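Containing mmCIF, C-alpha atoms: my_file-v7.cif.
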```cif
data_target
loop_
_atom_site.label_atom_id
_atom_site.label_comp_id
_atom_site.auth_asym_id
_atom_site.auth_seq_id
_atom_site.Cartn_x
_atom_site.Cartn_y
_atom_site.Cartn_z
CA MET X 1 -23.19 4.63 -31.82
CA SER X 2 -24.42 7.89 -33.37
CA ALA X 3 -21.32 8.28 -35.54
CA LEU X 4 -21.53 4.77 -36.98
CA SER X 5 -25.23 5.24 -37.60
CA TYR X 6 -24.55 8.50 -39.45
CA TYR X 7 -21.77 7.12 -41.66
CA LEU X 8 -23.57 3.86 -42.51
CA GLU X 9 -26.80 5.66 -43.37
CA ARG X 10 -24.82 8.06 -45.56
CA GLU X 11 -23.58 4.99 -47.44
CA GLY X 12 -27.15 3.89 -48.12
CA ILE X 13 -27.64 1.40 -45.28
CA LEU X 14 -30.68 1.77 -43.04
CA THR X 15 -29.76 2.12 -39.38
CA THR X 16 -31.61 1.95 -36.08
CA GLY X 17 -30.51 1.23 -32.56
CA ILE X 18 -30.33 2.08 -28.91
CA SER X 19 -29.42 5.34 -27.21
CA LEU X 20 -28.35 5.20 -23.56
CA VAL X 21 -27.65 8.91 -23.09
CA ARG X 22 -30.53 10.86 -24.58
CA GLU X 23 -28.75 14.24 -24.46
CA ASN X 24 -25.84 12.92 -26.54
CA THR X 25 -28.23 11.57 -29.16
CA VAL X 26 -30.17 14.82 -29.30
CA SER X 27 -26.94 16.67 -30.05
CA LEU X 28 -25.49 14.25 -32.64
CA GLN X 29 -28.83 13.50 -34.39
CA PRO X 30 -28.33 10.01 -35.82
CA PRO X 31 -31.10 9.00 -38.27
CA ARG X 32 -33.01 6.73 -35.85
CA ALA X 33 -32.52 5.94 -32.18
CA LEU X 34 -34.58 4.49 -29.36
CA TRP X 35 -33.63 6.05 -26.03
CA VAL X 36 -33.86 3.66 -23.10
CA SER X 37 -33.61 4.57 -19.42
CA PHE X 38 -31.47 1.54 -18.59
CA PRO X 39 -28.09 1.79 -16.83
CA LEU X 40 -24.91 2.12 -18.89
CA GLY X 41 -23.79 -1.38 -19.83
CA ARG X 42 -27.37 -2.67 -20.23
CA PRO X 43 -28.75 -1.45 -23.59
CA LEU X 44 -31.33 -4.26 -23.83
CA GLY X 45 -32.54 -3.70 -20.28
CA ILE X 46 -32.77 -6.96 -18.36
CA PRO X 47 -30.33 -9.90 -18.56
CA GLY X 48 -31.99 -13.20 -19.34
CA ASP X 49 -35.40 -11.63 -20.04
CA ARG X 50 -36.11 -12.69 -23.60
CA ALA X 51 -39.55 -11.08 -23.78
CA PHE X 52 -38.34 -7.73 -22.47
CA GLN X 53 -35.38 -7.70 -24.85
CA HIS X 54 -37.71 -8.43 -27.78
CA LYS X 55 -39.89 -5.45 -26.80
CA VAL X 56 -36.85 -3.19 -26.96
CA ILE X 57 -35.74 -4.61 -30.31
CA ASP X 58 -39.23 -4.51 -31.84
CA THR X 59 -39.62 -0.86 -30.85
CA ALA X 60 -36.24 0.05 -32.35
CA LEU X 61 -36.95 -1.89 -35.57
CA ALA X 62 -40.30 -0.13 -35.92
CA LEU X 63 -38.40 3.14 -36.33
CA LEU X 64 -37.29 1.86 -39.73
CA MET X 65 -40.86 2.37 -40.94
CA ARG X 66 -40.91 6.10 -40.19
CA GLU X 67 -41.14 8.32 -43.23
CA LYS X 68 -38.77 11.07 -42.15
CA GLY X 69 -36.12 11.75 -39.59
CA PRO X 70 -34.05 12.11 -37.56
CA VAL X 71 -36.16 10.07 -35.16
CA LEU X 72 -35.48 9.85 -31.44
CA GLU X 73 -38.12 7.85 -29.59
CA ASP X 74 -38.32 7.16 -25.85
CA PHE X 75 -38.85 3.55 -24.80
CA PRO X 76 -41.76 3.63 -22.33
CA LEU X 77 -40.56 1.01 -19.85
CA ASP X 78 -37.85 1.15 -17.17
CA ALA X 79 -35.81 -1.88 -16.18
CA PRO X 80 -36.53 -2.89 -12.58
CA THR X 81 -33.73 -2.39 -10.09
CA VAL X 82 -32.72 -5.11 -7.62
CA ASP X 83 -33.01 -4.28 -3.93
CA MET X 84 -29.78 -4.87 -2.06
CA GLU X 85 -31.75 -6.76 0.59
CA SER X 86 -33.14 -9.24 -1.92
CA ALA X 87 -29.86 -9.88 -3.77
CA PRO X 88 -28.05 -13.14 -2.95
CA ALA X 89 -25.51 -12.80 -0.15
CA CYS X 90 -21.86 -12.43 -1.05
CA PRO X 91 -20.33 -15.91 -0.72
CA VAL X 92 -17.03 -14.57 0.59
CA SER X 93 -16.40 -12.56 3.72
CA PHE X 94 -13.61 -10.11 3.09
CA ALA X 95 -11.97 -9.08 6.33
CA LYS X 96 -11.93 -5.31 6.61
CA ARG X 97 -8.27 -4.55 6.36
CA ALA X 98 -5.79 -1.73 6.18
CA VAL X 99 -5.08 -0.27 2.75
CA SER X 100 -1.37 -0.94 3.14
CA THR X 101 0.11 -4.39 3.45
CA ASP X 102 3.52 -5.93 4.03
CA SER X 103 3.27 -7.89 0.79
CA TRP X 104 0.67 -7.04 -1.81
CA LYS X 105 1.75 -10.07 -3.80
CA ALA X 106 1.12 -12.46 -0.92
CA ALA X 107 -2.17 -10.80 0.00
CA LEU X 108 -3.46 -10.82 -3.57
CA LEU X 109 -2.44 -14.42 -4.17
CA SER X 110 -4.14 -15.47 -0.93
CA GLU X 111 -7.34 -13.72 -1.98
CA LEU X 112 -7.13 -15.30 -5.44
CA GLN X 113 -6.91 -18.75 -3.85
CA THR X 114 -9.98 -18.02 -1.71
CA LEU X 115 -11.99 -16.83 -4.68
CA GLN X 116 -10.96 -19.50 -7.19
CA THR X 117 -13.52 -22.03 -5.95
CA TRP X 118 -16.30 -19.48 -6.20
CA GLN X 119 -15.26 -18.32 -9.65
CA ASP X 120 -15.26 -21.97 -10.76
CA LEU X 121 -18.76 -22.35 -9.33
CA GLY X 122 -19.94 -19.19 -11.08
CA ARG X 123 -18.51 -20.36 -14.37
CA ARG X 124 -20.29 -23.70 -14.06
CA ARG X 125 -23.56 -21.93 -13.24
CA ARG X 126 -23.14 -19.96 -16.47
CA LYS X 127 -22.56 -23.19 -18.42
CA GLY X 128 -18.88 -22.44 -18.90
CA ARG X 129 -19.30 -18.80 -19.87
CA THR X 130 -16.60 -16.52 -18.49
CA LEU X 131 -15.33 -13.09 -19.45
CA VAL X 132 -11.86 -13.81 -18.06
CA GLY X 133 -9.21 -14.21 -20.73
CA VAL X 134 -8.63 -10.91 -22.52
CA SER X 135 -5.11 -11.02 -21.09
CA SER X 136 -2.70 -13.59 -22.50
CA LEU X 137 -1.47 -14.40 -18.98
CA SER X 138 -3.29 -16.51 -16.41
CA MET X 139 -4.97 -14.95 -13.37
CA GLN X 140 -2.18 -16.34 -11.18
CA GLU X 141 0.51 -14.76 -13.38
CA ASN X 142 -1.32 -11.45 -13.58
CA VAL X 143 -1.91 -11.29 -9.83
CA GLU X 144 1.74 -12.09 -9.12
CA LYS X 145 2.90 -9.31 -11.46
CA LEU X 146 0.43 -6.77 -10.10
CA GLY X 147 1.41 -7.58 -6.52
CA GLN X 148 5.11 -7.38 -7.31
CA LEU X 149 4.67 -3.96 -8.92
CA LEU X 150 3.00 -2.65 -5.78
CA ASP X 151 5.62 -4.25 -3.53
CA ASP X 152 8.31 -2.57 -5.66
CA LYS X 153 6.28 0.67 -5.71
CA VAL X 154 6.60 1.04 -9.49
CA LEU X 155 4.13 1.61 -12.30
CA PRO X 156 4.05 -0.68 -15.37
CA ALA X 157 5.13 2.19 -17.62
CA SER X 158 6.43 -0.09 -20.38
CA GLU X 159 3.59 -2.62 -20.08
CA LEU X 160 0.46 -0.49 -20.05
CA ASP X 161 -1.34 -2.71 -22.57
CA TRP X 162 -0.71 -5.77 -20.42
CA PHE X 163 -1.69 -3.88 -17.26
CA LYS X 164 -5.07 -2.75 -18.61
CA LEU X 165 -6.03 -6.24 -19.78
CA ALA X 166 -4.75 -7.81 -16.56
CA ILE X 167 -6.84 -5.56 -14.33
CA GLU X 168 -9.94 -6.04 -16.49
CA ASP X 169 -9.49 -9.81 -16.19
CA ALA X 170 -9.12 -9.39 -12.44
CA LYS X 171 -12.30 -7.33 -12.15
CA VAL X 172 -14.45 -9.81 -14.06
CA PHE X 173 -12.86 -12.73 -12.20
CA TYR X 174 -13.97 -11.15 -8.92
CA LEU X 175 -17.44 -10.39 -10.29
CA GLU X 176 -17.80 -14.00 -11.43
CA ALA X 177 -16.80 -15.21 -7.95
CA LEU X 178 -19.09 -12.76 -6.15
CA THR X 179 -22.04 -13.85 -8.30
CA ALA X 180 -21.41 -17.58 -8.06
CA GLN X 181 -24.88 -18.23 -6.72
CA PRO X 182 -27.99 -17.85 -8.89
CA GLY X 183 -30.16 -14.80 -8.42
CA ASP X 184 -30.55 -11.15 -9.33
CA TYR X 185 -27.69 -8.97 -8.16
CA ASN X 186 -27.48 -5.26 -7.53
CA PRO X 187 -24.54 -3.98 -9.61
CA GLU X 188 -23.82 -1.07 -7.27
CA GLN X 189 -23.64 -3.45 -4.32
CA LEU X 190 -21.14 -5.64 -6.17
CA GLN X 191 -19.03 -2.62 -7.07
CA SER X 192 -19.09 -1.48 -3.47
CA ILE X 193 -17.87 -4.86 -2.25
CA PHE X 194 -15.11 -4.97 -4.84
CA TRP X 195 -13.78 -1.44 -4.24
CA LYS X 196 -14.31 -1.22 -0.49
CA GLU X 197 -13.71 -4.73 0.79
CA THR X 198 -11.35 -6.69 -1.45
CA THR X 199 -7.56 -6.57 -1.49
CA MET X 200 -7.71 -6.31 -5.29
CA GLY X 201 -9.95 -3.24 -5.00
CA PHE X 202 -7.47 -1.64 -2.59
CA ALA X 203 -4.60 -2.63 -4.89
CA LEU X 204 -6.20 -0.99 -7.92
CA MET X 205 -6.96 2.11 -5.87
CA LYS X 206 -3.26 2.18 -4.95
CA PHE X 207 -2.35 2.00 -8.64
CA TYR X 208 -4.87 4.78 -9.33
CA ASN X 209 -3.14 7.03 -6.80
CA MET X 210 0.31 6.17 -8.17
CA PHE X 211 -0.84 7.02 -11.72
CA GLN X 212 -2.42 10.26 -10.49
CA GLU X 213 0.91 11.33 -8.98
CA ASP X 214 2.89 10.51 -12.12
CA LYS X 215 3.37 13.54 -14.39
CA VAL X 216 3.53 11.46 -17.57
CA LEU X 217 1.02 8.72 -16.83
CA SER X 218 -1.61 10.58 -14.81
CA GLY X 219 -4.16 10.32 -17.63
CA PHE X 220 -4.12 6.57 -17.28
CA ALA X 221 -5.68 6.69 -13.80
CA ARG X 222 -9.19 7.17 -15.19
CA ILE X 223 -9.22 3.77 -16.85
CA VAL X 224 -8.20 1.95 -13.68
CA VAL X 225 -10.93 2.96 -11.23
CA PRO X 226 -14.49 4.06 -12.10
CA ARG X 227 -15.66 7.57 -11.28
CA ALA X 228 -18.25 6.18 -8.88
CA ALA X 229 -15.53 4.59 -6.73
CA ILE X 230 -13.56 7.85 -6.63
CA ASP X 231 -16.26 10.48 -6.43
CA GLY X 232 -19.20 8.47 -5.18
CA PRO X 233 -20.56 8.32 -1.65
CA THR X 234 -18.35 6.96 1.11
CA ASP X 235 -19.55 4.71 3.92
CA MET R 1 -31.19 4.68 -14.94
CA VAL R 2 -29.43 7.07 -17.30
CA ARG R 3 -31.69 10.02 -16.76
CA LEU R 4 -29.21 12.79 -16.20
CA SER R 5 -31.36 14.22 -13.45
CA ASP R 6 -30.89 10.97 -11.52
CA LEU R 7 -27.11 11.01 -11.73
CA PRO R 8 -24.55 12.60 -9.42
CA ASP R 9 -22.90 15.81 -10.64
CA TYR R 10 -19.58 14.18 -11.60
CA GLU R 11 -21.34 11.66 -13.85
CA ARG R 12 -23.75 14.17 -15.37
CA GLU R 13 -20.94 16.56 -16.26
CA HIS R 14 -18.93 13.79 -17.88
CA LEU R 15 -21.83 12.60 -20.02
CA LEU R 16 -22.84 16.11 -21.05
CA SER R 17 -19.28 16.74 -22.21
CA LYS R 18 -20.04 14.24 -24.98
CA ASN R 19 -22.76 16.44 -26.49
CA LEU R 20 -21.36 17.33 -29.89
CA GLU R 21 -22.51 18.88 -33.14
CA PRO R 22 -23.98 16.60 -35.86
CA LEU R 23 -21.37 15.13 -38.20
CA GLY R 24 -22.97 16.72 -41.25
CA PRO R 25 -26.30 17.40 -42.93
CA PRO R 26 -29.02 14.93 -41.94
CA VAL R 27 -28.87 11.57 -43.73
CA TRP R 28 -31.92 9.40 -44.31
CA ASN R 29 -32.80 6.33 -46.35
CA GLN R 30 -36.40 5.35 -46.92
CA LEU R 31 -37.48 1.80 -46.21
CA THR R 32 -38.28 0.20 -49.58
CA LYS R 33 -39.45 -3.25 -48.49
CA PRO R 34 -41.07 -4.79 -45.41
CA VAL R 35 -38.95 -5.29 -42.29
CA ALA R 36 -39.75 -8.99 -42.66
CA GLU R 37 -37.66 -9.00 -45.84
CA LEU R 38 -34.64 -7.07 -44.55
CA ARG R 39 -31.20 -8.58 -44.19
CA VAL R 40 -29.92 -7.26 -40.85
CA ALA R 41 -26.49 -6.95 -39.24
CA LEU R 42 -25.70 -6.15 -35.62
CA ILE R 43 -23.07 -3.61 -34.69
CA THR R 44 -22.01 -3.02 -31.11
CA THR R 45 -19.68 -0.39 -29.69
CA ALA R 46 -19.08 -2.46 -26.54
CA GLY R 47 -15.56 -3.57 -27.44
CA LEU R 48 -16.53 -7.23 -27.90
CA HIS R 49 -14.31 -9.79 -29.61
CA PHE R 50 -13.17 -13.37 -29.37
CA ARG R 51 -10.22 -14.34 -27.18
CA ASP R 52 -7.94 -14.97 -30.12
CA ASP R 53 -8.70 -11.55 -31.65
CA PRO R 54 -6.53 -8.56 -30.76
CA ALA R 55 -7.96 -6.70 -27.76
CA PHE R 56 -9.05 -3.10 -28.31
CA GLU R 57 -6.50 -0.46 -27.39
CA PHE R 58 -7.21 2.46 -25.02
CA THR R 59 -8.49 4.54 -27.92
CA ASP R 60 -9.24 2.50 -30.99
CA SER R 61 -11.41 3.16 -34.03
CA THR R 62 -10.83 -0.27 -35.59
CA PHE R 63 -13.41 -3.03 -35.61
CA ARG R 64 -13.60 -6.77 -35.05
CA PRO R 65 -15.78 -9.06 -37.18
CA ILE R 66 -18.14 -11.47 -35.44
CA ALA R 67 -19.11 -14.32 -37.74
CA GLY R 68 -22.82 -15.03 -37.69
CA THR R 69 -22.22 -18.71 -36.99
CA GLU R 70 -20.24 -18.12 -33.78
CA ASP R 71 -21.55 -18.71 -30.25
CA GLY R 72 -22.06 -15.29 -28.65
CA ASN R 73 -21.24 -16.77 -25.26
CA THR R 74 -17.58 -16.99 -26.25
CA LEU R 75 -17.28 -13.23 -26.73
CA VAL R 76 -15.19 -11.20 -24.27
CA MET R 77 -14.96 -7.45 -23.76
CA SER R 78 -11.92 -5.18 -23.78
CA HIS R 79 -13.64 -1.80 -23.60
CA SER R 80 -11.31 0.82 -22.11
CA SER R 81 -14.00 2.59 -20.08
CA VAL R 82 -14.51 1.42 -16.52
CA ASN R 83 -17.66 3.46 -16.00
CA PHE R 84 -20.41 1.04 -16.93
CA ASP R 85 -21.85 -2.13 -15.47
CA LYS R 86 -20.45 -5.44 -16.71
CA THR R 87 -22.46 -7.73 -14.43
CA GLY R 88 -25.42 -7.87 -16.79
CA PHE R 89 -23.27 -8.78 -19.78
CA LEU R 90 -21.64 -11.44 -17.65
CA GLU R 91 -25.05 -13.07 -17.17
CA ASP R 92 -26.34 -12.64 -20.72
CA VAL R 93 -24.48 -11.70 -23.89
CA ASN R 94 -27.81 -10.64 -25.43
CA LEU R 95 -28.07 -7.74 -23.01
CA VAL R 96 -25.34 -6.03 -25.05
CA PHE R 97 -25.18 -8.00 -28.29
CA PRO R 98 -28.65 -9.46 -28.91
CA ILE R 99 -27.57 -12.12 -31.37
CA ASP R 100 -29.88 -14.84 -30.04
CA ARG R 101 -32.85 -12.47 -30.08
CA PHE R 102 -32.17 -11.68 -33.77
CA ARG R 103 -31.77 -15.38 -34.57
CA GLU R 104 -35.23 -15.82 -33.07
CA LEU R 105 -36.60 -12.98 -35.22
CA GLU R 106 -35.05 -14.62 -38.28
CA ALA R 107 -36.54 -18.03 -37.38
CA GLU R 108 -39.96 -16.44 -36.83
CA GLY R 109 -39.81 -14.63 -40.17
CA LYS R 110 -39.95 -11.19 -38.54
CA ILE R 111 -36.79 -10.17 -40.37
CA GLY R 112 -35.65 -11.55 -43.71
CA SER R 113 -32.23 -12.86 -42.72
CA LEU R 114 -29.19 -12.17 -40.58
CA ALA R 115 -25.89 -10.99 -42.01
CA SER R 116 -23.03 -13.43 -42.46
CA VAL R 117 -20.84 -11.20 -40.30
CA HIS R 118 -21.59 -8.67 -37.56
CA TYR R 119 -19.15 -6.05 -36.26
CA SER R 120 -17.82 -4.74 -32.98
CA PHE R 121 -16.28 -1.35 -32.28
CA MET R 122 -15.05 0.19 -29.03
CA GLY R 123 -16.73 3.51 -28.42
CA ALA R 124 -14.54 5.49 -26.03
CA GLY R 125 -12.00 8.26 -25.95
CA LEU R 126 -12.28 9.44 -29.56
CA LYS R 127 -14.30 12.07 -31.33
CA PRO R 128 -17.16 10.63 -33.44
CA SER R 129 -15.42 11.65 -36.68
CA ALA R 130 -12.50 9.32 -35.85
CA TYR R 131 -14.73 6.37 -36.80
CA GLU R 132 -15.39 7.50 -40.38
CA THR R 133 -12.69 5.43 -42.10
CA SER R 134 -13.61 2.22 -40.27
CA ALA R 135 -17.31 2.87 -40.74
CA LEU R 136 -16.83 3.20 -44.50
CA GLN R 137 -14.88 -0.08 -44.57
CA VAL R 138 -17.70 -1.80 -42.71
CA ALA R 139 -20.27 -0.22 -45.02
CA GLY R 140 -18.44 -1.79 -47.97
CA LEU R 141 -18.40 -5.19 -46.27
CA LEU R 142 -22.09 -4.93 -45.39
CA LYS R 143 -22.99 -4.09 -48.97
CA LYS R 144 -21.07 -7.12 -50.24
CA ASP R 145 -23.10 -9.17 -47.76
CA LYS R 146 -26.27 -7.57 -49.19
CA VAL R 147 -27.21 -6.16 -45.78
CA ASP R 148 -30.16 -3.73 -45.86
CA ALA R 149 -30.24 -2.55 -42.26
CA VAL R 150 -28.06 -2.37 -39.17
CA PHE R 151 -29.12 -2.59 -35.53
CA LEU R 152 -26.68 -0.68 -33.32
CA THR R 153 -26.12 -1.12 -29.61
CA PRO R 154 -23.94 1.04 -27.38
CA VAL R 155 -22.77 0.05 -23.93
#
```

The structure given in the file should be rewritten as structure tokens.
Amino acid sequence: MSALSYYLEREGILTTGISLVRENTVSLQPPRALWVSFPLGRPLGIPGDRAFQHKVIDTALALLMREKGPVLEDFPLDAPTVDMESAPACPVSFAKRAVSTDSWKAALLSELQTLQTWQDLGRRRRKGRTLVGVSSLSMQENVEKLGQLLDDKVLPASELDWFKLAIEDAKVFYLEALTAQPGDYNPEQLQSIFWKETTMGFALMKFYNMFQEDKVLSGFARIVVPRAAIDGPTD
Amino acid sequence: MVRLSDLPDYEREHLLSKNLEPLGPPVWNQLTKPVAELRVALITTAGLHFRDDPAFEFTDSTFRPIAGTEDGNTLVMSHSSVNFDKTGFLEDVNLVFPIDRFRELEAEGKIGSLASVHYSFMGAGLKPSAYETSALQVAGLLKKDKVDAVFLTPV
């Protein structure tokens, strides 16, 4: 964000915008930035809250009227967090299961079948909006390939581009299923369910460990599983 | 919240590793007309694009255009980082790319107009200076579109 702001301003275009990590903005000094205390991934604060989003935008646009810079302003409001107790219940009960399985492919396909109805429901609730589809393959095809790789105990060394898009499709497919019902969800709770209860979460953790152990591909592990799922608290 | 004091050590250390020196001497343009007369473009670094666009690669300084007439709800995300929340974006594209909010500002006369085309980058894995070439290309495109100001959102 700061780099683009710097280069565009240097070309004569006024820039303003949001900073999510204040310390990074202090160091890079873009011309104008509004720091917000919201979680990474939520620069406008609250999904679906038009009035709140306009407050953020208005405050950032007002920085254009300052006479000198660089300007780094702090937005005065926090975004409310959702209590885990008040979030809608997960529609699917994932049986606590061993990390290993006789057939990852069969287990993943079974889980996909269970979740499909809920993902459909979630998509309808969002008026057709879905984030699934960055991969050119269907969910069924991706899940089959991912499961087969684990059953064969091999990494997709020659298909890393496909692998990354396939797992990102899988993650958002699960999120869409887990949030099928209307309501405010706690993102950390959803992440916990995905990484600690679903077969897909276990499967991706298995891939993470396989990448970690590979001398050539170890750097790829960090874009499979988030730091919070690796280094965060355990139950 | 992204107050570093609220974050666990592993997250704090990672984010602080992104503290870097400024890219050059300070740059600054003075506003020469009211905000209500500005032509504004949105730029996101969230790795957004349409399904028929090429996805972003693991490290990627290129950009994807987002035509101003498109429905933001058809955007998808291929950001390589896995360390931010996607559930909010799933519920509301405006949380990351506030296109509907800016259409409202345009309709209310609070900005002059919206650009014909907005732009999406993927901010991850590269030093800030790696974006210079693409940024200059976008600057040229924005000038052709007579854009006065850009509103930037990270993710």

Mind telling me what the PyMOL selection byres ((chain X and resi 222-226) around 7) catches here, as number ranges by chain? X: 204-205, 208, 219-221, 227-230; R: 80-83

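Of the residues under consideration (X:Asp231, X:Glu144, X:Ala166, X:Pro156), X:Pro156 shows the shortest atom-to-atom contact distance to X:Asp214 when counting all atoms listed in the file.
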
On this structure, the PyMOL selection byres ((chain X and resi 200) around 10) would catch which residues? List them as an MDAnalysis selection string, sorted by chain and number. chainID X and resid 104 107:109 111:112 143 146:147 167 170:171 174 194:199 201:206

Could you save those same residues with C-alpha atoms as a short mmCIF file (atom, residue, chain, number, x, y, z; two decimals), keeping the file's coordinate frame?
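Contents of the output file result_5.cif:
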```cif
data_model
loop_
_atom_site.label_atom_id
_atom_site.label_comp_id
_atom_site.auth_asym_id
_atom_site.auth_seq_id
_atom_site.Cartn_x
_atom_site.Cartn_y
_atom_site.Cartn_z
CA TRP X 104 0.67 -7.04 -1.81
CA ALA X 107 -2.17 -10.80 0.00
CA LEU X 108 -3.46 -10.82 -3.57
CA LEU X 109 -2.44 -14.42 -4.17
CA GLU X 111 -7.34 -13.72 -1.98
CA LEU X 112 -7.13 -15.30 -5.44
CA VAL X 143 -1.91 -11.29 -9.83
CA LEU X 146 0.43 -6.77 -10.10
CA GLY X 147 1.41 -7.58 -6.52
CA ILE X 167 -6.84 -5.56 -14.33
CA ALA X 170 -9.12 -9.39 -12.44
CA LYS X 171 -12.30 -7.33 -12.15
CA TYR X 174 -13.97 -11.15 -8.92
CA PHE X 194 -15.11 -4.97 -4.84
CA TRP X 195 -13.78 -1.44 -4.24
CA LYS X 196 -14.31 -1.22 -0.49
CA GLU X 197 -13.71 -4.73 0.79
CA THR X 198 -11.35 -6.69 -1.45
CA THR X 199 -7.56 -6.57 -1.49
CA GLY X 201 -9.95 -3.24 -5.00
CA PHE X 202 -7.47 -1.64 -2.59
CA ALA X 203 -4.60 -2.63 -4.89
CA LEU X 204 -6.20 -0.99 -7.92
CA MET X 205 -6.96 2.11 -5.87
CA LYS X 206 -3.26 2.18 -4.95
#
```

Considering only C-alpha atoms, state which residue in the set X:Asp58, X:Met1, X:Leu64, X:Arg42 is at the smallest distance from R:Trp28. X:Leu64

Could you check which of X:Thr16, X:Leu115, X:Leu190, X:Arg10 is closest to R:Ile43, using only C-alpha atoms? X:Thr16

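For the pair atom CA of R:Lys127 and atom CA of R:Leu48, the separation is 19.7 Å.
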
Selection in question (the file shown): the PyMOL selection byres ((chain X and resi 179) around 10). Which residues does it include, as an NGL selection string? (:X and (87-91 or 118-119 or 121-123 or 125 or 174-178 or 180-185 or 190)) or (:R and (87 or 90-91))

Pick from R:Leu38, R:Arg12, R:Ser78, R:Gly112: nearest to chain X, with all atoms listed in the file counted? R:Ser78

Stretch 96-110 of chain R surroundings by all atoms listed in the file, 10 Å radius, close-in-sequence under 3 positions cut, as an NGL selection string: (:X and (41-45 or 47 or 50-51 or 53-54 or 57-58)) or (:R and (34-46 or 48 or 68 or 70-73 or 75 or 86 or 88-90 or 92-93 or 113-114 or 118 or 120 or 151-155))

Atom-to-atom span, atom CA of X:Gly69 and atom CA of X:Phe52, Å: 26.0 Å

Model the absent atoms of stretch 219-234 of chain X so that N, CA and C atoms are present, and write the result as a PDB file, in the frame of the given file.
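File written: rebuild_15.pdb
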```
ATOM      1  N   GLY X 219      -2.931  10.529 -16.863  1.00  0.00           N
ATOM      2  CA  GLY X 219      -4.160  10.320 -17.630  1.00  0.00           C
ATOM      3  C   GLY X 219      -4.644   8.885 -17.622  1.00  0.00           C
ATOM      4  N   PHE X 220      -3.765   7.993 -17.272  1.00  0.00           N
ATOM      5  CA  PHE X 220      -4.120   6.570 -17.280  1.00  0.00           C
ATOM      6  C   PHE X 220      -4.991   6.193 -16.070  1.00  0.00           C
ATOM      7  N   ALA X 221      -4.953   7.027 -15.029  1.00  0.00           N
ATOM      8  CA  ALA X 221      -5.680   6.690 -13.800  1.00  0.00           C
ATOM      9  C   ALA X 221      -7.165   6.459 -14.056  1.00  0.00           C
ATOM     10  N   ARG X 222      -7.732   7.230 -14.990  1.00  0.00           N
ATOM     11  CA  ARG X 222      -9.190   7.170 -15.190  1.00  0.00           C
ATOM     12  C   ARG X 222      -9.664   5.861 -15.802  1.00  0.00           C
ATOM     13  N   ILE X 223      -8.755   5.070 -16.348  1.00  0.00           N
ATOM     14  CA  ILE X 223      -9.220   3.770 -16.850  1.00  0.00           C
ATOM     15  C   ILE X 223      -8.783   2.620 -15.949  1.00  0.00           C
ATOM     16  N   VAL X 224      -8.494   2.975 -14.691  1.00  0.00           N
ATOM     17  CA  VAL X 224      -8.200   1.950 -13.680  1.00  0.00           C
ATOM     18  C   VAL X 224      -9.384   1.812 -12.726  1.00  0.00           C
ATOM     19  N   VAL X 225      -9.865   2.953 -12.243  1.00  0.00           N
ATOM     20  CA  VAL X 225     -10.930   2.960 -11.230  1.00  0.00           C
ATOM     21  C   VAL X 225     -12.106   3.774 -11.756  1.00  0.00           C
ATOM     22  N   PRO X 226     -13.345   3.301 -11.597  1.00  0.00           N
ATOM     23  CA  PRO X 226     -14.490   4.060 -12.100  1.00  0.00           C
ATOM     24  C   PRO X 226     -14.735   5.342 -11.286  1.00  0.00           C
ATOM     25  N   ARG X 227     -15.367   6.300 -11.956  1.00  0.00           N
ATOM     26  CA  ARG X 227     -15.660   7.570 -11.280  1.00  0.00           C
ATOM     27  C   ARG X 227     -16.476   7.348 -10.007  1.00  0.00           C
ATOM     28  N   ALA X 228     -17.397   6.397 -10.046  1.00  0.00           N
ATOM     29  CA  ALA X 228     -18.250   6.180  -8.880  1.00  0.00           C
ATOM     30  C   ALA X 228     -17.449   5.759  -7.651  1.00  0.00           C
ATOM     31  N   ALA X 229     -16.354   5.032  -7.866  1.00  0.00           N
ATOM     32  CA  ALA X 229     -15.530   4.590  -6.730  1.00  0.00           C
ATOM     33  C   ALA X 229     -14.647   5.705  -6.196  1.00  0.00           C
ATOM     34  N   ILE X 230     -14.391   6.707  -7.042  1.00  0.00           N
ATOM     35  CA  ILE X 230     -13.560   7.850  -6.630  1.00  0.00           C
ATOM     36  C   ILE X 230     -14.418   8.955  -6.044  1.00  0.00           C
ATOM     37  N   ASP X 231     -15.457   9.311  -6.790  1.00  0.00           N
ATOM     38  CA  ASP X 231     -16.260  10.480  -6.430  1.00  0.00           C
ATOM     39  C   ASP X 231     -17.574  10.133  -5.762  1.00  0.00           C
ATOM     40  N   GLY X 232     -17.912   8.872  -5.723  1.00  0.00           N
ATOM     41  CA  GLY X 232     -19.200   8.470  -5.180  1.00  0.00           C
ATOM     42  C   GLY X 232     -19.253   8.568  -3.676  1.00  0.00           C
ATOM     43  N   PRO X 233     -20.405   8.206  -3.099  1.00  0.00           N
ATOM     44  CA  PRO X 233     -20.560   8.320  -1.650  1.00  0.00           C
ATOM     45  C   PRO X 233     -19.622   7.380  -0.902  1.00  0.00           C
ATOM     46  N   THR X 234     -19.191   7.796   0.253  1.00  0.00           N
ATOM     47  CA  THR X 234     -18.350   6.960   1.110  1.00  0.00           C
ATOM     48  C   THR X 234     -19.180   6.444   2.274  1.00  0.00           C
TER      49      THR X 234
END
```
